[in-house]
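S.K.: Structure in structure tokens, see below.
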Amino acid sequence: MILQELTLIKGAVLFAFFILIISLFLAFFRLARGPVLPDRIVALDLIVSLAVGLIAGYTILTKQSVFLDTAVVLTMIAFLGTVAFARYLERRWL
Amino acid sequence: MIREWICAILLVSGALFMFVGALGVVRLPDLFTRMHAATKSASFGSVLMLCAVAVYFGEVWIIFETLLVIFFIFLTTPVGTHMIGRVGYLLGTPLWQGTVINELQGRYNMRKRVLESGLHDSATQTGNENKMDNHLNEIK
């Protein structure tokens with residue numbers, strides 16, 4: 001359905017998806033291995049940025065502009081999660 | 001046609017920027033250098049991909065929405081990164097062994113969480129400068 005009549009824009013989106021999925025694997029490696037806890041928070045932040053990129057590509061691929069709303073919500077929730085993790089780590093040692 | 005080319009170039013370059021960020025997160029040696037890779041290039045990559053969405057649709061409301069997301073990203077990323085870096089320093093995350101200068105060393109009261117002035121004790125400052133000179137000599 002999507003792969004029929006491969007145009008320029010679809011090829012670009014699929015290539016971007018390929019790169020982004022490799023980047024997701026790299027970020028997940030850091031999330032699983034990260035020596036200290038702030039490393040894992042950085043990896044989570046990176047994963048959310050990658051997810052925003054994936055949402056942008058999917059918006060173009062399906063021509064449904066509704067998916068941009070999820071990008072708005074995802075950035076805000078990612079910020080809240082980062083701040084909450086940081087506050088938790090900071091207060092834990094008091 | 002030209003719009004499709006611009007959109008494709010923006011998409012692929014944004015994905016490449018994010019890939020560079022992920023590669024830096026895996027390969028760099030230190031929490032702070034990793035943070036530098038993850039936040040700057042990854043947020044710039046997502047901004048490029050959102051610009052691709054705005055160029056592709058070209059409607060007023062969608063352009064406004066992508067500008068809203070970009071504004072949120074540029075507003076929230078520095079704050080979140082600052083908090084992660086602060087927590088990482090407070091938890092005593094080891095710095096990379098090739099770190100040239102650590103300006104907070106000996107001046108930050110970890111218990112009171114206050115930055116003390118470096119004016120009355122210049123010993124630490126000269127120590128840092130000597131360390132920096134040694135490092136520069138080693139590089140030469």
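Chains: A, B, ... in order of the structure tokens. Residues: from 1 per chain. Ligands: from 1, in order shown.
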Hey, what's within 10 Å of A:Gly34 if we count only C-alpha atoms and toss same-chain stuff fewer than 5 positions away? As a list in words, please?
M.R.: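 The contact residues come out as Phe28, Phe29, Asp39, Arg40, Ile41, Val42 and Ala43 of chain A; Val25, Val26 and Leu31 of chain B.
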S.K.: Write the residues of the selection above to a file with all heavy atoms, as an mmCIF file, in the first residue's frame.
M.R.:
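Result written to result.cif:
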```
data_model
loop_
_atom_site.group_PDB
_atom_site.id
_atom_site.type_symbol
_atom_site.label_atom_id
_atom_site.label_comp_id
_atom_site.auth_asym_id
_atom_site.auth_seq_id
_atom_site.Cartn_x
_atom_site.Cartn_y
_atom_site.Cartn_z
ATOM 1 N N PHE A 28 19.450 2.751 22.506
ATOM 2 C CA PHE A 28 19.012 1.716 23.441
ATOM 3 C C PHE A 28 20.201 0.983 24.050
ATOM 4 O O PHE A 28 20.151 0.561 25.219
ATOM 5 C CB PHE A 28 18.097 0.729 22.730
ATOM 6 C CG PHE A 28 17.436 -0.221 23.670
ATOM 7 C CD1 PHE A 28 16.365 0.189 24.433
ATOM 8 C CD2 PHE A 28 17.896 -1.507 23.810
ATOM 9 C CE1 PHE A 28 15.777 -0.669 25.315
ATOM 10 C CE2 PHE A 28 17.306 -2.370 24.695
ATOM 11 C CZ PHE A 28 16.234 -1.955 25.451
ATOM 12 N N PHE A 29 21.286 0.866 23.272
ATOM 13 C CA PHE A 29 22.508 0.283 23.834
ATOM 14 C C PHE A 29 22.997 1.120 25.014
ATOM 15 O O PHE A 29 23.338 0.592 26.080
ATOM 16 C CB PHE A 29 23.571 0.216 22.735
ATOM 17 C CG PHE A 29 24.933 -0.131 23.225
ATOM 18 C CD1 PHE A 29 25.245 -1.427 23.572
ATOM 19 C CD2 PHE A 29 25.906 0.850 23.345
ATOM 20 C CE1 PHE A 29 26.500 -1.744 24.028
ATOM 21 C CE2 PHE A 29 27.158 0.540 23.800
ATOM 22 C CZ PHE A 29 27.461 -0.760 24.140
ATOM 23 N N ASP A 39 23.373 8.836 32.644
ATOM 24 C CA ASP A 39 23.571 8.378 31.272
ATOM 25 C C ASP A 39 22.281 7.815 30.692
ATOM 26 O O ASP A 39 21.937 8.054 29.533
ATOM 27 C CB ASP A 39 24.630 7.294 31.245
ATOM 28 C CG ASP A 39 26.014 7.868 31.176
ATOM 29 O OD1 ASP A 39 26.161 8.914 30.558
ATOM 30 O OD2 ASP A 39 26.919 7.276 31.773
ATOM 31 N N ARG A 40 21.575 7.074 31.541
ATOM 32 C CA ARG A 40 20.313 6.492 31.057
ATOM 33 C C ARG A 40 19.291 7.580 30.788
ATOM 34 O O ARG A 40 18.494 7.480 29.838
ATOM 35 C CB ARG A 40 19.780 5.510 32.089
ATOM 36 C CG ARG A 40 20.712 4.342 32.276
ATOM 37 C CD ARG A 40 20.268 3.503 33.442
ATOM 38 N NE ARG A 40 21.405 2.811 34.014
ATOM 39 C CZ ARG A 40 21.701 1.557 33.740
ATOM 40 N NH1 ARG A 40 20.952 0.881 32.910
ATOM 41 N NH2 ARG A 40 22.737 0.987 34.288
ATOM 42 N N ILE A 41 19.295 8.647 31.602
ATOM 43 C CA ILE A 41 18.352 9.742 31.341
ATOM 44 C C ILE A 41 18.673 10.416 30.015
ATOM 45 O O ILE A 41 17.775 10.750 29.234
ATOM 46 C CB ILE A 41 18.381 10.763 32.492
ATOM 47 C CG1 ILE A 41 18.118 10.065 33.809
ATOM 48 C CG2 ILE A 41 17.332 11.807 32.290
ATOM 49 C CD1 ILE A 41 18.201 10.991 34.973
ATOM 50 N N VAL A 42 19.975 10.599 29.737
ATOM 51 C CA VAL A 42 20.375 11.190 28.455
ATOM 52 C C VAL A 42 19.906 10.312 27.303
ATOM 53 O O VAL A 42 19.385 10.804 26.285
ATOM 54 C CB VAL A 42 21.909 11.375 28.431
ATOM 55 C CG1 VAL A 42 22.374 11.732 27.050
ATOM 56 C CG2 VAL A 42 22.314 12.458 29.392
ATOM 57 N N ALA A 43 20.042 8.993 27.469
ATOM 58 C CA ALA A 43 19.605 8.085 26.405
ATOM 59 C C ALA A 43 18.099 8.172 26.203
ATOM 60 O O ALA A 43 17.609 8.143 25.066
ATOM 61 C CB ALA A 43 20.019 6.656 26.741
ATOM 62 N N VAL B 25 26.496 9.449 21.481
ATOM 63 C CA VAL B 25 26.066 8.920 22.777
ATOM 64 C C VAL B 25 26.702 7.573 23.051
ATOM 65 O O VAL B 25 27.060 7.245 24.176
ATOM 66 C CB VAL B 25 24.526 8.834 22.816
ATOM 67 C CG1 VAL B 25 24.059 7.983 23.957
ATOM 68 C CG2 VAL B 25 23.953 10.207 22.962
ATOM 69 N N VAL B 26 26.900 6.785 22.011
ATOM 70 C CA VAL B 26 27.533 5.488 22.246
ATOM 71 C C VAL B 26 29.042 5.639 22.416
ATOM 72 O O VAL B 26 29.633 5.023 23.298
ATOM 73 C CB VAL B 26 27.199 4.524 21.086
ATOM 74 C CG1 VAL B 26 28.004 3.255 21.199
ATOM 75 C CG2 VAL B 26 25.741 4.186 21.126
ATOM 76 N N LEU B 31 29.976 11.371 30.725
ATOM 77 C CA LEU B 31 28.568 11.765 30.776
ATOM 78 C C LEU B 31 28.340 13.108 30.098
ATOM 79 O O LEU B 31 27.393 13.275 29.329
ATOM 80 C CB LEU B 31 28.096 11.843 32.232
ATOM 81 C CG LEU B 31 26.750 12.541 32.413
ATOM 82 C CD1 LEU B 31 25.632 11.731 31.827
ATOM 83 C CD2 LEU B 31 26.473 12.798 33.868
#
```
S.K.: Please find the residues of chain A near chain B - the criterion being any atom within 8 Å, counting only C-alpha atoms - and write them as a VMD selection string.
M.R.: chain A and resid 8 to 9 12 to 13 15 to 17 19 to 20 22 to 24 26 to 27 29 to 30 36 38 to 39 41 to 43 45 to 46 49 to 50 52 to 53 56 to 57 59 to 60 65 68 71 to 72 75 to 76 79 82 to 83 86 to 87 89 to 90
S.K.: Where does DSSP see helix (DSSP H, G or I) in chain B, if you list the residues as a ChimeraX atom specification?
M.R.: /B:2-27,31-57,60-90,123-139
S.K.: Provide the atom CA of A:Ile77 to atom CA of A:Leu44 distance in Å, to one decimal place.
M.R.: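 Taking atom CA of A:Ile77 and atom CA of A:Leu44, their separation equals 11.8 Å.
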S.K.: Got a sec to tell me which of stretch 21-135 of chain B DSSP assigns to strand (DSSP E or B), as an MDAnalysis selection string?
M.R.: chainID B and resid 108:109 114:115
S.K.: Store the residues picked out above, limited to N, CA, C and O atoms, as a PDB file, in the first residue's frame.
M.R.:
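Output file out_38.pdb is given in full below:
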```pdb
ATOM      1  N   TYR B 108      32.882  24.464  44.956  1.00  0.00           N
ATOM      2  CA  TYR B 108      31.462  24.210  45.107  1.00  0.00           C
ATOM      3  C   TYR B 108      31.230  23.456  46.395  1.00  0.00           C
ATOM      4  O   TYR B 108      31.794  22.382  46.612  1.00  0.00           O
ATOM      5  N   ASN B 109      30.420  24.038  47.260  1.00  0.00           N
ATOM      6  CA  ASN B 109      30.119  23.386  48.517  1.00  0.00           C
ATOM      7  C   ASN B 109      29.018  22.370  48.271  1.00  0.00           C
ATOM      8  O   ASN B 109      27.855  22.730  48.081  1.00  0.00           O
ATOM      9  N   VAL B 114      26.164  25.555  47.362  1.00  0.00           N
ATOM     10  CA  VAL B 114      26.421  26.967  47.112  1.00  0.00           C
ATOM     11  C   VAL B 114      27.762  27.068  46.403  1.00  0.00           C
ATOM     12  O   VAL B 114      28.707  26.351  46.750  1.00  0.00           O
ATOM     13  N   LEU B 115      27.817  27.961  45.437  1.00  0.00           N
ATOM     14  CA  LEU B 115      29.088  28.226  44.776  1.00  0.00           C
ATOM     15  C   LEU B 115      29.824  29.281  45.561  1.00  0.00           C
ATOM     16  O   LEU B 115      29.342  30.406  45.707  1.00  0.00           O
TER      17      LEU B 115
END
```
S.K.: One decimal, in Å: what's the spacing between atom CA of A:Ala78 and atom CA of A:Phe18?
M.R.: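 That distance, rounded to one decimal, is 23.1 Å.
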S.K.: Between atom CA of A:Leu61 and atom CA of A:Thr7, what is the distance, to one decimal in Å?
M.R.: 10.7 Å
S.K.: With only C-alpha atoms as the basis for distance, which of B:Leu67, B:Ile2, B:Glu59, B:Pro29 is at the shortest distance from B:Trp96?
M.R.: B:Pro29
